[in-house]
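K.L.:
File follows, protein20.txt with compact mmCIF, C-alpha atoms and all ligand atoms:
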```txt
# COMPACT_ATOMS: atom_id res chain seq x y z
CA MET A 1 18.34 13.78 -4.01
CA ASN A 2 15.73 11.86 -6.01
CA ILE A 3 13.21 9.65 -4.27
CA LEU A 4 11.18 7.08 -6.17
CA PHE A 5 7.98 6.10 -4.39
CA PHE A 6 5.58 3.36 -5.54
CA GLY A 7 1.93 3.23 -4.48
CA ASP A 8 0.30 0.04 -3.12
CA LEU A 9 2.04 -3.03 -4.52
CA VAL A 10 -0.55 -5.68 -5.38
CA GLY A 11 0.80 -9.20 -4.93
CA ARG A 12 2.95 -11.14 -7.33
CA PRO A 13 2.12 -9.03 -10.40
CA ALA A 14 3.61 -5.99 -8.63
CA ARG A 15 6.67 -7.92 -7.50
CA MET A 16 7.24 -9.14 -11.07
CA ALA A 17 6.79 -5.61 -12.39
CA LEU A 18 9.34 -4.19 -9.95
CA LYS A 19 11.84 -6.85 -10.94
CA GLN A 20 11.37 -5.85 -14.55
CA ILE A 21 11.36 -2.05 -14.30
CA LEU A 22 13.48 -1.03 -11.32
CA PRO A 23 16.92 -1.10 -12.93
CA ALA A 24 15.73 1.08 -15.81
CA TYR A 25 13.76 3.43 -13.55
CA LYS A 26 16.75 3.92 -11.25
CA GLU A 27 18.88 4.93 -14.17
CA LYS A 28 16.28 7.06 -15.93
CA TYR A 29 15.26 9.06 -12.85
CA LYS A 30 18.70 9.05 -11.16
CA VAL A 31 17.15 7.53 -8.05
CA ASP A 32 18.87 7.69 -4.65
CA LEU A 33 16.16 6.05 -2.53
CA VAL A 34 13.31 3.66 -3.39
CA ILE A 35 10.24 3.43 -1.13
CA ALA A 36 7.16 1.31 -1.79
CA ASN A 37 3.85 0.79 -0.03
CA GLY A 38 3.54 -2.92 0.78
CA ASP A 39 0.00 -2.94 2.17
CA ASN A 40 -1.03 -5.53 -0.45
CA LEU A 41 2.38 -7.05 -1.13
CA ALA A 42 1.70 -10.67 -0.09
CA HIS A 43 -1.27 -11.70 -2.25
CA GLY A 44 -3.08 -8.54 -1.29
CA LYS A 45 -2.70 -9.13 2.42
CA GLY A 46 0.06 -7.17 4.07
CA VAL A 47 3.64 -8.39 4.06
CA THR A 48 5.62 -11.52 4.83
CA LYS A 49 9.34 -11.93 5.42
CA ASN A 50 9.68 -13.67 2.05
CA THR A 51 7.96 -10.95 0.05
CA LEU A 52 9.95 -8.20 1.82
CA GLU A 53 13.18 -10.02 1.07
CA GLU A 54 12.12 -10.55 -2.53
CA ILE A 55 11.51 -6.88 -3.31
CA LYS A 56 14.58 -5.80 -1.37
CA GLY A 57 16.48 -7.95 -3.85
CA TYR A 58 14.92 -5.96 -6.69
CA GLY A 59 16.14 -2.67 -5.16
CA VAL A 60 13.39 -1.42 -2.82
CA ASP A 61 15.02 0.27 0.19
CA ILE A 62 12.06 0.80 2.53
CA VAL A 63 8.55 -0.66 2.61
CA THR A 64 5.59 1.03 4.30
CA CYS A 65 2.20 -0.48 5.12
CA GLY A 66 -1.40 0.40 6.00
CA ASP A 67 -4.73 -1.12 7.00
CA HIS A 68 -3.66 -4.60 5.83
CA THR A 69 -0.94 -4.67 8.50
CA TRP A 70 -3.17 -7.08 10.44
CA ASP A 71 -3.76 -9.57 7.62
CA THR A 72 -0.65 -11.65 8.32
CA SER A 73 0.64 -12.72 11.70
CA GLN A 74 4.11 -11.56 10.70
CA ALA A 75 3.80 -7.82 10.02
CA ILE A 76 3.71 -6.46 13.58
CA GLU A 77 6.37 -8.96 14.66
CA ILE A 78 8.60 -7.93 11.72
CA CYS A 79 7.98 -4.26 12.48
CA LYS A 80 8.71 -4.58 16.19
CA SER A 81 11.88 -6.58 15.54
CA GLY A 82 13.33 -3.75 13.46
CA ASP A 83 15.22 -6.38 11.50
CA TYR A 84 13.64 -5.44 8.19
CA ASP A 85 13.43 -2.20 6.27
CA PHE A 86 9.73 -2.16 6.94
CA ILE A 87 7.46 0.21 8.89
CA CYS A 88 3.78 0.05 9.88
CA PRO A 89 1.62 3.11 10.58
CA ALA A 90 3.06 4.92 13.59
CA ASN A 91 -0.36 5.84 14.93
CA TYR A 92 -1.38 2.24 15.58
CA PRO A 93 -1.17 2.19 19.40
CA VAL A 94 0.37 -1.28 19.43
CA LEU A 95 3.58 0.18 18.04
CA ASP A 96 4.27 2.91 20.66
CA HIS A 97 4.89 5.14 17.63
CA LYS A 98 8.59 4.40 17.48
CA LYS A 99 8.31 1.53 15.03
CA GLY A 100 6.35 3.59 12.56
CA TYR A 101 9.37 5.37 11.21
CA LYS A 102 12.98 4.78 10.33
CA ILE A 103 15.88 7.14 9.87
CA ILE A 104 18.34 6.04 7.24
CA GLU A 105 21.38 7.65 5.73
CA VAL A 106 21.32 8.41 2.02
CA ASN A 107 24.10 10.41 0.34
CA SER A 108 25.28 11.68 3.75
CA LYS A 109 21.76 12.96 4.57
CA LYS A 110 19.58 11.56 7.34
CA VAL A 111 16.20 10.65 5.87
CA LEU A 112 13.24 10.02 8.16
CA VAL A 113 10.61 7.81 6.50
CA LEU A 114 7.32 7.82 8.35
CA ASN A 115 4.11 5.85 7.84
CA LEU A 116 0.72 6.98 9.17
CA ILE A 117 -2.85 5.81 8.66
CA GLY A 118 -6.00 7.89 8.37
CA ARG A 119 -9.12 7.86 10.51
CA VAL A 120 -11.76 8.88 7.97
CA PHE A 121 -13.74 6.05 6.30
CA LEU A 122 -11.38 3.36 7.64
CA LYS A 123 -12.51 0.73 10.10
CA ASP A 124 -9.56 0.90 12.50
CA HIS A 125 -9.38 3.40 15.34
CA PRO A 126 -5.78 4.59 15.41
CA ASP A 127 -4.37 7.47 17.38
CA CYS A 128 -4.63 10.98 15.93
CA PRO A 129 -2.21 11.20 12.99
CA PHE A 130 -1.80 14.96 13.48
CA ARG A 131 -0.65 14.61 17.10
CA VAL A 132 1.48 11.53 16.42
CA VAL A 133 3.36 13.14 13.55
CA ASP A 134 3.90 16.29 15.63
CA LYS A 135 5.45 14.20 18.39
CA ILE A 136 7.69 12.21 16.05
CA LEU A 137 8.97 15.31 14.26
CA GLU A 138 9.55 17.09 17.56
CA ASP A 139 11.28 14.12 19.25
CA ASN A 140 13.58 13.65 16.26
CA ALA A 141 14.09 17.30 15.32
CA LYS A 142 17.87 17.04 15.48
CA GLU A 143 18.03 13.55 13.99
CA PHE A 144 16.99 14.08 10.38
CA ASP A 145 17.52 16.34 7.38
CA ILE A 146 14.72 15.10 5.14
CA ALA A 147 11.30 13.72 6.14
CA ILE A 148 9.07 11.63 3.90
CA VAL A 149 5.52 10.75 4.96
CA ASP A 150 3.40 7.94 3.50
CA PHE A 151 -0.15 8.67 4.66
CA HIS A 152 -2.38 5.69 4.07
CA GLY A 153 -5.88 7.04 3.93
CA GLU A 154 -9.22 6.86 2.18
CA ALA A 155 -10.43 10.46 2.20
CA THR A 156 -8.72 13.08 0.04
CA SER A 157 -9.91 15.74 2.51
CA GLU A 158 -8.01 14.14 5.39
CA LYS A 159 -4.94 13.65 3.21
CA ARG A 160 -4.88 17.23 2.02
CA ALA A 161 -5.55 18.60 5.50
CA LEU A 162 -2.67 16.66 7.04
CA GLY A 163 -0.45 17.43 4.06
CA LEU A 164 -1.04 21.17 4.43
CA TYR A 165 -0.63 20.89 8.21
CA LEU A 166 2.86 19.51 7.60
CA ASP A 167 3.82 21.88 4.78
CA SER A 168 7.42 23.08 5.23
CA ARG A 169 8.01 20.55 8.03
CA VAL A 170 8.37 17.50 5.75
CA SER A 171 9.97 17.18 2.33
CA CYS A 172 7.15 15.16 0.85
CA PHE A 173 3.73 13.94 1.85
CA LEU A 174 2.49 11.08 -0.31
CA GLY A 175 -0.94 9.47 -0.06
CA THR A 176 -1.59 5.77 -0.55
CA HIS A 177 -4.41 3.20 -0.11
CA THR A 178 -7.08 3.96 -2.72
CA HIS A 179 -5.10 2.39 -5.63
CA ILE A 180 -6.43 5.21 -7.80
CA GLN A 181 -3.82 7.79 -8.71
CA THR A 182 -4.84 11.41 -8.30
CA ALA A 183 -3.61 14.14 -10.65
CA ASP A 184 -3.18 16.77 -7.92
CA GLU A 185 0.56 16.59 -7.39
CA GLN A 186 2.05 19.91 -6.40
CA ILE A 187 4.69 21.64 -4.35
CA PHE A 188 2.96 23.38 -1.46
CA PRO A 189 3.87 27.01 -0.65
CA GLY A 190 6.16 25.93 2.19
CA GLY A 191 8.09 23.54 -0.05
CA SER A 192 6.57 20.11 0.66
CA ALA A 193 5.77 17.88 -2.32
CA TYR A 194 2.23 16.52 -2.18
CA ILE A 195 -0.09 14.06 -3.92
CA SER A 196 -3.37 12.73 -2.52
CA ASP A 197 -2.74 9.23 -3.84
CA VAL A 198 0.17 7.72 -5.73
CA GLY A 199 -2.02 4.88 -7.07
CA MET A 200 -1.00 1.22 -7.26
CA VAL A 201 1.35 -1.18 -8.97
CA GLY A 202 -1.06 -3.90 -10.03
CA PRO A 203 -3.13 -5.43 -12.82
CA GLU A 204 -4.82 -2.81 -14.93
CA ASP A 205 -7.98 -4.73 -15.85
CA SER A 206 -9.20 -4.98 -12.28
CA VAL A 207 -10.80 -3.23 -9.34
CA LEU A 208 -7.99 -2.37 -6.89
CA GLY A 209 -5.89 -5.10 -8.56
CA CYS A 210 -8.55 -7.75 -7.89
CA LYS A 211 -10.56 -9.74 -10.46
CA LYS A 212 -13.29 -7.36 -11.57
CA GLU A 213 -15.90 -10.15 -11.78
CA SER A 214 -15.37 -11.05 -8.10
CA VAL A 215 -15.67 -7.46 -6.93
CA ILE A 216 -18.73 -6.72 -9.07
CA ASP A 217 -20.40 -9.94 -7.89
CA GLN A 218 -19.64 -9.15 -4.27
CA MET A 219 -21.09 -5.67 -4.62
CA ILE A 220 -24.27 -6.94 -6.26
CA THR A 221 -24.85 -9.91 -3.94
CA GLN A 222 -23.34 -8.38 -0.78
CA SER A 223 -21.63 -11.74 -0.23
CA LYS A 224 -18.30 -12.24 1.50
CA PHE A 225 -15.44 -10.85 -0.54
CA ARG A 226 -12.76 -13.28 -1.71
CA TYR A 227 -9.45 -11.61 -2.48
CA GLU A 228 -8.54 -12.82 -5.99
CA ILE A 229 -5.82 -10.93 -7.82
CA SER A 230 -6.58 -10.22 -11.46
CA ASP A 231 -4.60 -12.30 -13.96
CA ASP A 232 -4.23 -9.40 -16.39
CA ASP A 233 -0.60 -9.19 -17.43
CA ASN A 234 -0.83 -5.46 -18.15
CA ILE A 235 0.48 -3.83 -15.00
CA LEU A 236 -0.33 -0.28 -14.05
CA ILE A 237 2.64 1.48 -12.51
CA GLY A 238 1.62 4.25 -10.11
CA ALA A 239 4.63 6.09 -8.70
CA VAL A 240 6.18 9.50 -8.16
CA VAL A 241 9.71 10.80 -8.29
CA VAL A 242 10.40 13.66 -5.89
CA GLU A 243 13.49 15.79 -6.33
CA ILE A 244 14.69 17.23 -3.04
CA ASP A 245 16.98 20.23 -2.74
CA ASP A 246 20.11 19.19 -0.85
CA GLU A 247 20.52 22.73 0.47
CA ASN A 248 17.19 23.26 2.23
CA SER A 249 15.69 19.72 2.21
CA MET A 250 12.51 20.95 0.52
CA ALA A 251 11.04 19.55 -2.68
CA LYS A 252 11.98 21.08 -6.01
CA LYS A 253 9.83 18.91 -8.24
CA ILE A 254 7.32 16.07 -8.14
CA LEU A 255 6.92 13.92 -11.24
CA ARG A 256 3.93 11.60 -11.46
CA ILE A 257 4.40 8.25 -13.20
CA ASN A 258 1.34 6.50 -14.61
CA GLU A 259 2.20 3.87 -17.18
CA VAL A 260 1.31 0.33 -18.15
CA ILE A 261 3.85 -2.40 -18.75
CA LYS A 262 3.43 -6.03 -19.74
CA ILE A 263 4.88 -8.76 -17.54
CA ALA A 264 5.36 -12.50 -18.01
CA LEU A 265 3.16 -14.04 -15.28
FE FE B 301 -4.86 0.05 2.30
FE FE B 302 -4.00 -1.09 -0.86
```
Can I see the file as structure tokens?
P.N.:
Amino acid sequence: MNILFFGDLVGRPARMALKQILPAYKEKYKVDLVIANGDNLAHGKGVTKNTLEEIKGYGVDIVTCGDHTWDTSQAIEICKSGDYDFICPANYPVLDHKKGYKIIEVNSKKVLVLNLIGRVFLKDHPDCPFRVVDKILEDNAKEFDIAIVDFHGEATSEKRALGLYLDSRVSCFLGTHTHIQTADEQIFPGGSAYISDVGMVGPEDSVLGCKKESVIDQMITQSKFRYEISDDDNILIGAVVVEIDDENSMAKKILRINEVIKIAL
């Protein structure tokens, strides 16, 4: 089974890019399941029903989230309703953990997709991701064949520690949030695919997908940050394709995608 996973989608440029590339990517990488991190999907600020529906139409099967869950009034409501293929970090206490994952059937296999958020260098105070993931995997031990974790975190140390903690218990552990792709993809000794950060799908000439001038000005003046998405039409595509062995549910290969495409804004 091949899983295509996109890092943080930044607003409309990312949605336009997905529309443009997904059919070709699905064919090229023989993709069975598409997952994307939607933390910045709706103009940088979490998700809305409209933006989720839009990218579902382009072929995204499941959307995960992160610290921007709280930026729209809709995200928690959407997550709790279970009506959308969308999950928020399971270790946010408001979710009672059960809305932070979904089990879906793909090619006759039960795939558990789980979203967690880190506690290092982030302003929220979620429950312990180590204990929460233990509980979810234990409670659902007989309910899934393949487990995929999106860990939305700032610190590579925390990502690697949790990734190694879960080695052999999940098929892949993929980091998101920093928008900067790391070149440390590997298959751990126990068979879990790992990368500290998948990167983003967003404007290349930017800081985190935002207008560089705004970010630089904010950092110099320490003024309030205004979220303005860069209007660069060169879009950086940060993604990975993980090949999972149907026999033992462990990863055989992780391929890192880091390319730039041009879109019509
Ligand atoms: Fe984030
Ligand atoms: Fe992000």
K.L.:
Can you pull out the residues contacting stretch 167-173 of chain A? Cut-off 8 Å, using all atoms listed in the file, and skip same-chain residues under 3 positions away; I want them as a PDB file with C-alpha atoms, keeping the file's coordinate frame.
P.N.:
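As written to disk, part33.pdb reads:
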```
ATOM      1  CA  ILE A 146      14.720  15.100   5.140  1.00  0.00           C
ATOM      2  CA  ALA A 147      11.300  13.720   6.140  1.00  0.00           C
ATOM      3  CA  ILE A 148       9.070  11.630   3.900  1.00  0.00           C
ATOM      4  CA  VAL A 149       5.520  10.750   4.960  1.00  0.00           C
ATOM      5  CA  ASP A 150       3.400   7.940   3.500  1.00  0.00           C
ATOM      6  CA  PHE A 151      -0.150   8.670   4.660  1.00  0.00           C
ATOM      7  CA  GLY A 163      -0.450  17.430   4.060  1.00  0.00           C
ATOM      8  CA  LEU A 164      -1.040  21.170   4.430  1.00  0.00           C
ATOM      9  CA  PHE A 188       2.960  23.380  -1.460  1.00  0.00           C
ATOM     10  CA  PRO A 189       3.870  27.010  -0.650  1.00  0.00           C
ATOM     11  CA  GLY A 190       6.160  25.930   2.190  1.00  0.00           C
ATOM     12  CA  GLY A 191       8.090  23.540  -0.050  1.00  0.00           C
ATOM     13  CA  SER A 192       6.570  20.110   0.660  1.00  0.00           C
ATOM     14  CA  ALA A 193       5.770  17.880  -2.320  1.00  0.00           C
ATOM     15  CA  TYR A 194       2.230  16.520  -2.180  1.00  0.00           C
ATOM     16  CA  ILE A 195      -0.090  14.060  -3.920  1.00  0.00           C
ATOM     17  CA  VAL A 242      10.400  13.660  -5.890  1.00  0.00           C
ATOM     18  CA  ILE A 244      14.690  17.230  -3.040  1.00  0.00           C
ATOM     19  CA  SER A 249      15.690  19.720   2.210  1.00  0.00           C
ATOM     20  CA  MET A 250      12.510  20.950   0.520  1.00  0.00           C
ATOM     21  CA  ALA A 251      11.040  19.550  -2.680  1.00  0.00           C
TER      22      ALA A 251
END
```
K.L.:
I want to know what sits within 10 Å of A:Leu22, based on all atoms listed in the file, with residues of the same chain fewer than 5 positions away left out; could you give that as a ChimeraX atom specification?
P.N.:
/A:4,17,27-28,31,34,58-60
K.L.:
Anything within 9 Å of (8.5, 11.6, -10.5): list those residues as a list in words, counting only C-alpha atoms and sticking to the file's coordinates.
P.N.:
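Residues lying no farther than 9 Å from the given point: Asn2, Ile3, Leu4, Phe5, Tyr29, Ala239, Val240, Val241, Val242, Glu243, Lys253, Ile254, Leu255, Arg256 and Ile257 of chain A.
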K.L.:
Using Å and a single decimal, report how far atom CA of A:Glu228 sits from atom CA of A:Val10.
P.N.:
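Answer for the atom CA of A:Val10 to atom CA of A:Glu228 separation: 10.7 Å.
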K.L.:
Name each residue within 6 Å of ligand FE 301 (chain B), counting only C-alpha atoms and all ligand atoms, as a list in words.
P.N.:
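Answer in the requested format: Asp39, Gly66, Asp67, His68 and His177 of chain A.
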K.L.:
Grab me every residue within 9 Å of ligand FE 302 (chain B), counting only C-alpha atoms and all ligand atoms, and send it over as number ranges by chain.
P.N.:
A: 7-10, 37-41, 44-46, 65-68, 152, 176-179, 199-200, 208-209
K.L.:
Nearest to A:Leu52: which of A:Asp85, A:Asp139, A:Glu213, A:Asp245 is it, counting only C-alpha atoms?
P.N.:
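For A:Leu52, the nearest of the given residues is A:Asp85.
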K.L.:
Mind pulling up the distance from atom CA of A:Val133 to atom CA of A:Phe121?
P.N.:
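Interatomic distance, atom CA of A:Phe121 to atom CA of A:Val133: 19.9 Å.
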K.L.:
Using all atoms listed in the file, I'd like a table of the residues in stretch 116-149 of chain A that come within 12 Å of stretch 69-75 of chain A; for each, show the closest atom pair and its distance in Å rounded to one decimal, ordered by chain and ascending number, as a Markdown table.
P.N.:
```
| residue | atom | partner | partner_atom | distance |
| --- | --- | --- | --- | --- |
| A:Leu116 | CA | A:Thr69 | CA | 11.8 |
| A:Ile117 | CA | A:Thr69 | CA | 10.7 |
| A:Asp124 | CA | A:Trp70 | CA | 10.4 |
```
K.L.:
Please tell me which residues are no farther than 12 Å from (-6.9, 17.5, 16.2) in the file, counting only C-alpha atoms, and write them as a ChimeraX atom specification.
P.N.:
/A:119,127-134,158,161-162,165
K.L.:
Those same residues, written as a compact mmCIF listing (two decimals), in the coordinates of the input with C-alpha atoms?
P.N.:
```txt
# COMPACT_ATOMS: atom_id res chain seq x y z
CA ARG A 119 -9.12 7.86 10.51
CA ASP A 127 -4.37 7.47 17.38
CA CYS A 128 -4.63 10.98 15.93
CA PRO A 129 -2.21 11.20 12.99
CA PHE A 130 -1.80 14.96 13.48
CA ARG A 131 -0.65 14.61 17.10
CA VAL A 132 1.48 11.53 16.42
CA VAL A 133 3.36 13.14 13.55
CA ASP A 134 3.90 16.29 15.63
CA GLU A 158 -8.01 14.14 5.39
CA ALA A 161 -5.55 18.60 5.50
CA LEU A 162 -2.67 16.66 7.04
CA TYR A 165 -0.63 20.89 8.21
```
K.L.:
As an exercise, work out the distance from atom CA of A:Ala183 to atom CA of A:Ser196 in Å and give it to one decimal place.
P.N.:
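Calculated distance between atom CA of A:Ala183 and atom CA of A:Ser196 is 8.3 Å.
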K.L.:
Residues at most 9 Å from stretch 100-111 of chain A, counting all atoms listed in the file, excluding those fewer than 3 positions away in the same chain, as a ChimeraX atom specification?
P.N.:
/A:1,32-33,62,64,79,85-92,95-97,114-116,136,143-148,246
K.L.:
Given the choices A:Leu137, A:Lys142, A:Leu112, A:Pro203, which gets closest to A:Leu166 if the distance is worked out from only C-alpha atoms?
P.N.:
A:Leu137
K.L.:
Which one is closest to A:Ile263: A:Pro13, A:Gly82, A:Gly238, A:Pro126? Count all atoms listed in the file.
P.N.:
A:Pro13
K.L.:
Counting all atoms listed in the file, what is within 9 Å of A:Ile55, bar same-chain residues fewer than 4 positions away, as number ranges by chain?
P.N.:
A: 15, 18-19, 50-51, 59-61
K.L.:
Between A:Ile35, A:Ile78, A:Val215, A:Val198, single out the one closest to A:Thr48, counting only C-alpha atoms.
P.N.:
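Checking each candidate against A:Thr48, we get A:Ile78 as the closest.
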